[in-house]
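J.: First, the structure itself, so that you have it in front of you.
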Amino acid sequence: MREVLAQAAFQLFLERGFERTTVDDIVARAGVGRRSFFRYFPSKEDAVFPDHERCLAEMTEFLAAADDGDPVGAVSDAARIVLRMYAADPEFSVQRYRLTREVPGLRTYELSVVRRYEQTLAGHLRSRFGADGDGALRAEVIAASVVAAHNNGLRLWLRSGGEGDPEAAVDHALALVRDVWGRPAVAPAVSGAAAPALSLEVPGDGEGEVVVMVARKGAPMWRVVQQIEAAVGEN
């Protein structure tokens with residue numbers, strides 16, 4: 001019944017437009033009563049996205065069973081569950097994408113759905129990185145990055161009319177996220193490049209202090225030298 005109602009609703013949205021279609025129109029097309037519609041969908045908007053609740057539940061179950069050793073890889077793989085849902089029915093997915101672009105209310109609804117996916121990914125990451133401080137921040141940033149990368153690749157495929165392999169663009173985008181965030185966290189960076197130098201006492205060597213600095217791979221050499229000079233000058 002859920003699928004019948006969703007199909008009837010979407011056919012009417014394409015024929016008449018979303019705003020001109022009422023719930024009464026939908027149930028008349030499906031041959032059921034209003035009560036049946038609201039048993040499955042709280043609103044017209046929900047009928048445009050009938051598969052997201054199931055997909056969200058599948059994502060939650062997947063993450064609950066994920067290996068703790070690679071949390072960034074786990075949330076990246078979880079995002080692919082959404083991609084497979086879209087790819088399973090390219091025609092419907094492309095039509096829905098076009099309809100959503102035309103109706104501001106659907107766009108707002110879609111954003112709320114995307115946010116729920118992001119919160120699910122962030123919740124999993126917080127359980128691995130910690131729920132406070134930098135752990136929580138890292139979880140939120142990585143979750144947002146995964147969602148942005150997934151959506152970038154997915155929308156390229158949708159804008160093409162569903163041509164080609166949707167996984168190629170999404171895999172490429174998610175690989176960038178894993179390249180940046182898949183490594184263990186290091187000391188905080190200054191201006192995204194080098195961490196502050198640390199001045200440590202080395203007992204018994206007779207030479208005073210040793211300056212130790214951690215720099216992110218690829219940091220410009222001028223930034224590294226600048227931080228060392230600052231530390232040496234201060235001490």
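Residue names in the structure tokens use chain letters A, B, ... in the order shown, residue numbers from 1 in each chain, and ligand numbers from 1 in the order shown.
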Considering only C-alpha atoms, give me a table of residues in segment 54-74 of chain A that are at most 12 Å from segment 143-156 of chain A, with the closest atom pair and distance in Å for each, as JSON lines.

T.:
```
{"residue": "A:Pro71", "atom": "CA", "partner": "A:Ala143", "partner_atom": "CA", "distance": 10.6}
{"residue": "A:Val72", "atom": "CA", "partner": "A:Val146", "partner_atom": "CA", "distance": 8.7}
{"residue": "A:Gly73", "atom": "CA", "partner": "A:Val146", "partner_atom": "CA", "distance": 9.9}
{"residue": "A:Ala74", "atom": "CA", "partner": "A:Val146", "partner_atom": "CA", "distance": 10.6}
```

J.: So that I have them on file, write out the residues from the current selection with N, CA and C atoms, as a PDB file, in the first residue's frame.

T.:
```pdb
ATOM      1  N   PRO A  71      36.626   4.200  11.606  1.00  0.00           N
ATOM      2  CA  PRO A  71      35.343   4.910  11.683  1.00  0.00           C
ATOM      3  C   PRO A  71      35.048   5.768  10.463  1.00  0.00           C
ATOM      4  N   VAL A  72      36.067   6.383   9.870  1.00  0.00           N
ATOM      5  CA  VAL A  72      35.835   7.207   8.676  1.00  0.00           C
ATOM      6  C   VAL A  72      35.427   6.322   7.508  1.00  0.00           C
ATOM      7  N   GLY A  73      36.066   5.169   7.387  1.00  0.00           N
ATOM      8  CA  GLY A  73      35.657   4.232   6.345  1.00  0.00           C
ATOM      9  C   GLY A  73      34.244   3.725   6.554  1.00  0.00           C
ATOM     10  N   ALA A  74      33.864   3.522   7.819  1.00  0.00           N
ATOM     11  CA  ALA A  74      32.520   3.023   8.121  1.00  0.00           C
ATOM     12  C   ALA A  74      31.446   4.023   7.704  1.00  0.00           C
TER      13      ALA A  74
END
```

J.: Counting only C-alpha atoms, what is within 12 Å of Arg101 of chain A, bar same-chain residues fewer than 5 positions away, as a PDB file with N, CA, C and O atoms, in the first residue's frame?

T.:
```pdb
ATOM      1  N   PHE A  18       3.105  19.737  -8.001  1.00  0.00           N
ATOM      2  CA  PHE A  18       3.023  19.381  -6.588  1.00  0.00           C
ATOM      3  C   PHE A  18       1.974  20.212  -5.859  1.00  0.00           C
ATOM      4  O   PHE A  18       1.163  19.694  -5.089  1.00  0.00           O
ATOM      5  N   VAL A  94      15.793  10.490 -10.900  1.00  0.00           N
ATOM      6  CA  VAL A  94      16.000  11.692 -11.726  1.00  0.00           C
ATOM      7  C   VAL A  94      14.748  12.557 -11.736  1.00  0.00           C
ATOM      8  O   VAL A  94      14.831  13.786 -11.612  1.00  0.00           O
ATOM      9  N   GLN A  95      13.580  11.940 -11.856  1.00  0.00           N
ATOM     10  CA  GLN A  95      12.330  12.704 -11.830  1.00  0.00           C
ATOM     11  C   GLN A  95      12.141  13.400 -10.493  1.00  0.00           C
ATOM     12  O   GLN A  95      11.717  14.560 -10.431  1.00  0.00           O
ATOM     13  N   ARG A  96      12.451  12.714  -9.425  1.00  0.00           N
ATOM     14  CA  ARG A  96      12.316  13.315  -8.099  1.00  0.00           C
ATOM     15  C   ARG A  96      13.294  14.470  -7.937  1.00  0.00           C
ATOM     16  O   ARG A  96      12.946  15.506  -7.361  1.00  0.00           O
ATOM     17  N   LEU A 106       9.738  21.236  -1.222  1.00  0.00           N
ATOM     18  CA  LEU A 106      10.381  19.925  -1.287  1.00  0.00           C
ATOM     19  C   LEU A 106      11.879  20.035  -1.053  1.00  0.00           C
ATOM     20  O   LEU A 106      12.490  19.148  -0.450  1.00  0.00           O
ATOM     21  N   ARG A 107      12.448  21.117  -1.526  1.00  0.00           N
ATOM     22  CA  ARG A 107      13.877  21.328  -1.298  1.00  0.00           C
ATOM     23  C   ARG A 107      14.158  21.466   0.200  1.00  0.00           C
ATOM     24  O   ARG A 107      15.113  20.893   0.723  1.00  0.00           O
ATOM     25  N   THR A 108      13.308  22.200   0.896  1.00  0.00           N
ATOM     26  CA  THR A 108      13.463  22.353   2.340  1.00  0.00           C
ATOM     27  C   THR A 108      13.303  21.009   3.047  1.00  0.00           C
ATOM     28  O   THR A 108      14.068  20.674   3.964  1.00  0.00           O
ATOM     29  N   TYR A 109      12.335  20.229   2.611  1.00  0.00           N
ATOM     30  CA  TYR A 109      12.113  18.916   3.197  1.00  0.00           C
ATOM     31  C   TYR A 109      13.326  18.017   2.957  1.00  0.00           C
ATOM     32  O   TYR A 109      13.788  17.306   3.861  1.00  0.00           O
ATOM     33  N   GLU A 110      13.857  18.064   1.748  1.00  0.00           N
ATOM     34  CA  GLU A 110      15.016  17.243   1.420  1.00  0.00           C
ATOM     35  C   GLU A 110      16.212  17.590   2.307  1.00  0.00           C
ATOM     36  O   GLU A 110      16.948  16.718   2.754  1.00  0.00           O
ATOM     37  N   LEU A 111      16.397  18.879   2.557  1.00  0.00           N
ATOM     38  CA  LEU A 111      17.498  19.305   3.422  1.00  0.00           C
ATOM     39  C   LEU A 111      17.346  18.730   4.834  1.00  0.00           C
ATOM     40  O   LEU A 111      18.336  18.376   5.481  1.00  0.00           O
ATOM     41  N   ARG A 155      24.634  14.163  -7.183  1.00  0.00           N
ATOM     42  CA  ARG A 155      23.957  15.180  -7.991  1.00  0.00           C
ATOM     43  C   ARG A 155      24.553  15.302  -9.384  1.00  0.00           C
ATOM     44  O   ARG A 155      23.844  15.644 -10.344  1.00  0.00           O
ATOM     45  N   LEU A 158      22.651  12.644 -11.136  1.00  0.00           N
ATOM     46  CA  LEU A 158      21.251  13.009 -11.337  1.00  0.00           C
ATOM     47  C   LEU A 158      21.108  14.076 -12.421  1.00  0.00           C
ATOM     48  O   LEU A 158      20.192  14.023 -13.251  1.00  0.00           O
ATOM     49  N   ARG A 159      22.018  15.058 -12.418  1.00  0.00           N
ATOM     50  CA  ARG A 159      21.951  16.114 -13.432  1.00  0.00           C
ATOM     51  C   ARG A 159      22.239  15.576 -14.833  1.00  0.00           C
ATOM     52  O   ARG A 159      21.802  16.157 -15.831  1.00  0.00           O
TER      53      ARG A 159
END
```

J.: Please return as a JSON list (two decimals) with C-alpha atoms, in the first residue's frame: the residues of segment 44-213 of chain A that backbone DSSP assigns to helix (DSSP H, G or I).

T.:
```
[["chain", "number", "residue", "atom", "x", "y", "z"],
["A", 44, "LYS", "CA", 2.46, 15.12, 0.76],
["A", 45, "GLU", "CA", 6.17, 15.81, 1.10],
["A", 46, "ASP", "CA", 6.76, 12.45, 2.74],
["A", 47, "ALA", "CA", 5.20, 10.72, -0.26],
["A", 48, "VAL", "CA", 7.94, 12.20, -2.48],
["A", 52, "HIS", "CA", 14.36, 7.44, 3.15],
["A", 53, "GLU", "CA", 13.00, 6.04, 6.42],
["A", 54, "ARG", "CA", 13.96, 2.52, 5.37],
["A", 55, "CYS", "CA", 17.35, 3.74, 4.16],
["A", 56, "LEU", "CA", 18.01, 5.58, 7.42],
["A", 57, "ALA", "CA", 17.14, 2.45, 9.41],
["A", 58, "GLU", "CA", 19.48, 0.38, 7.23],
["A", 59, "MET", "CA", 22.27, 2.92, 7.75],
["A", 60, "THR", "CA", 21.77, 2.87, 11.52],
["A", 61, "GLU", "CA", 21.90, -0.92, 11.59],
["A", 62, "PHE", "CA", 25.01, -0.97, 9.41],
["A", 63, "LEU", "CA", 26.88, 1.47, 11.66],
["A", 64, "ALA", "CA", 25.91, -0.43, 14.79],
["A", 71, "PRO", "CA", 35.34, 4.91, 11.68],
["A", 72, "VAL", "CA", 35.84, 7.21, 8.68],
["A", 73, "GLY", "CA", 35.66, 4.23, 6.34],
["A", 74, "ALA", "CA", 32.52, 3.02, 8.12],
["A", 75, "VAL", "CA", 30.61, 6.29, 7.66],
["A", 76, "SER", "CA", 31.79, 6.49, 4.05],
["A", 77, "ASP", "CA", 30.42, 3.01, 3.41],
["A", 78, "ALA", "CA", 27.21, 3.94, 5.21],
["A", 79, "ALA", "CA", 26.74, 6.88, 2.82],
["A", 80, "ARG", "CA", 26.91, 4.44, -0.09],
["A", 81, "ILE", "CA", 23.71, 2.84, 1.20],
["A", 82, "VAL", "CA", 21.91, 6.05, 0.22],
["A", 83, "LEU", "CA", 23.60, 6.02, -3.17],
["A", 84, "ARG", "CA", 22.45, 2.46, -3.85],
["A", 85, "MET", "CA", 18.91, 3.44, -2.95],
["A", 86, "TYR", "CA", 18.95, 6.17, -5.62],
["A", 87, "ALA", "CA", 20.71, 3.98, -8.17],
["A", 90, "PRO", "CA", 17.33, 5.80, -11.88],
["A", 91, "GLU", "CA", 14.19, 7.04, -13.64],
["A", 92, "PHE", "CA", 12.34, 7.77, -10.42],
["A", 93, "SER", "CA", 15.42, 9.30, -8.82],
["A", 94, "VAL", "CA", 16.00, 11.69, -11.73],
["A", 95, "GLN", "CA", 12.33, 12.70, -11.83],
["A", 96, "ARG", "CA", 12.32, 13.31, -8.10],
["A", 97, "TYR", "CA", 15.49, 15.37, -8.34],
["A", 98, "ARG", "CA", 13.94, 17.59, -11.01],
["A", 99, "LEU", "CA", 10.70, 17.96, -9.09],
["A", 100, "THR", "CA", 12.59, 18.86, -5.92],
["A", 101, "ARG", "CA", 14.50, 21.59, -7.78],
["A", 102, "GLU", "CA", 11.19, 23.11, -8.90],
["A", 104, "PRO", "CA", 10.96, 25.12, -2.71],
["A", 105, "GLY", "CA", 8.98, 23.24, -0.07],
["A", 106, "LEU", "CA", 10.38, 19.93, -1.29],
["A", 107, "ARG", "CA", 13.88, 21.33, -1.30],
["A", 108, "THR", "CA", 13.46, 22.35, 2.34],
["A", 109, "TYR", "CA", 12.11, 18.92, 3.20],
["A", 110, "GLU", "CA", 15.02, 17.24, 1.42],
["A", 111, "LEU", "CA", 17.50, 19.30, 3.42],
["A", 112, "SER", "CA", 15.88, 18.07, 6.63],
["A", 113, "VAL", "CA", 16.28, 14.48, 5.43],
["A", 114, "VAL", "CA", 19.94, 15.09, 4.58],
["A", 115, "ARG", "CA", 20.46, 16.53, 8.06],
["A", 116, "ARG", "CA", 19.10, 13.34, 9.62],
["A", 117, "TYR", "CA", 21.62, 11.27, 7.68],
["A", 118, "GLU", "CA", 24.39, 13.62, 8.77],
["A", 119, "GLN", "CA", 23.33, 13.38, 12.43],
["A", 120, "THR", "CA", 23.34, 9.59, 12.21],
["A", 121, "LEU", "CA", 26.90, 9.58, 10.84],
["A", 122, "ALA", "CA", 28.04, 12.14, 13.43],
["A", 123, "GLY", "CA", 26.51, 10.09, 16.24],
["A", 124, "HIS", "CA", 28.52, 7.05, 15.20],
["A", 125, "LEU", "CA", 31.72, 9.09, 15.01],
["A", 126, "ARG", "CA", 31.13, 10.66, 18.44],
["A", 127, "SER", "CA", 30.91, 7.17, 19.89],
["A", 128, "ARG", "CA", 34.43, 6.59, 18.54],
["A", 129, "PHE", "CA", 36.09, 9.99, 19.02],
["A", 133, "GLY", "CA", 35.56, 18.90, 22.84],
["A", 134, "ASP", "CA", 37.62, 18.11, 19.77],
["A", 135, "GLY", "CA", 36.17, 14.61, 19.55],
["A", 136, "ALA", "CA", 32.66, 15.97, 19.00],
["A", 137, "LEU", "CA", 33.98, 18.65, 16.65],
["A", 138, "ARG", "CA", 35.88, 16.08, 14.60],
["A", 139, "ALA", "CA", 32.75, 13.91, 14.39],
["A", 140, "GLU", "CA", 30.59, 16.79, 13.13],
["A", 141, "VAL", "CA", 33.16, 17.96, 10.57],
["A", 142, "ILE", "CA", 33.79, 14.48, 9.18],
["A", 143, "ALA", "CA", 30.06, 13.69, 8.97],
["A", 144, "ALA", "CA", 29.42, 16.94, 7.12],
["A", 145, "SER", "CA", 32.33, 16.19, 4.77],
["A", 146, "VAL", "CA", 31.05, 12.70, 3.98],
["A", 147, "VAL", "CA", 27.54, 14.00, 3.26],
["A", 148, "ALA", "CA", 28.87, 16.83, 1.08],
["A", 149, "ALA", "CA", 31.13, 14.46, -0.88],
["A", 150, "HIS", "CA", 28.34, 11.91, -1.36],
["A", 151, "ASN", "CA", 25.84, 14.55, -2.48],
["A", 152, "ASN", "CA", 28.30, 16.13, -4.88],
["A", 153, "GLY", "CA", 28.82, 12.85, -6.72],
["A", 154, "LEU", "CA", 25.16, 11.88, -6.55],
["A", 155, "ARG", "CA", 23.96, 15.18, -7.99],
["A", 156, "LEU", "CA", 26.42, 14.99, -10.86],
["A", 157, "TRP", "CA", 24.80, 11.70, -11.80],
["A", 158, "LEU", "CA", 21.25, 13.01, -11.34],
["A", 159, "ARG", "CA", 21.95, 16.11, -13.43],
["A", 166, "PRO", "CA", 26.89, 6.82, -10.13],
["A", 167, "GLU", "CA", 29.40, 5.09, -7.86],
["A", 168, "ALA", "CA", 32.44, 6.40, -9.74],
["A", 169, "ALA", "CA", 31.92, 10.07, -8.84],
["A", 170, "VAL", "CA", 30.83, 9.28, -5.28],
["A", 171, "ASP", "CA", 33.79, 6.96, -4.69],
["A", 172, "HIS", "CA", 36.16, 9.66, -5.95],
["A", 173, "ALA", "CA", 34.66, 12.28, -3.65],
["A", 174, "LEU", "CA", 34.63, 9.98, -0.61],
["A", 175, "ALA", "CA", 38.25, 9.01, -1.29],
["A", 176, "LEU", "CA", 39.19, 12.66, -0.81],
["A", 177, "VAL", "CA", 37.43, 12.69, 2.56],
["A", 178, "ARG", "CA", 39.20, 9.54, 3.69],
["A", 179, "ASP", "CA", 42.54, 10.92, 2.52],
["A", 180, "VAL", "CA", 42.09, 13.98, 4.73],
["A", 181, "TRP", "CA", 40.34, 12.49, 7.74]]
```

J.: Find the distance between atom CA of Val23 of chain A and atom CA of Val103 of chain A and write it in Å to one decimal.

T.: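 Calculated distance between atom CA of Val23 of chain A and atom CA of Val103 of chain A is 16.9 Å.
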
J.: Could you jot down the atom CA of Pro42 of chain A to atom CA of Arg20 of chain A separation for me, Å, one decimal place?

T.: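 Atom-to-atom, atom CA of Pro42 of chain A and atom CA of Arg20 of chain A are spaced 18.0 Å apart.
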
J.: Find, counting only C-alpha atoms, the residue in A:Leu12, A:Thr21, A:Val27, A:Gly162 that gets nearest to Arg39 of chain A.

T.: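 For Arg39 of chain A, the nearest of the given residues is A:Val27.
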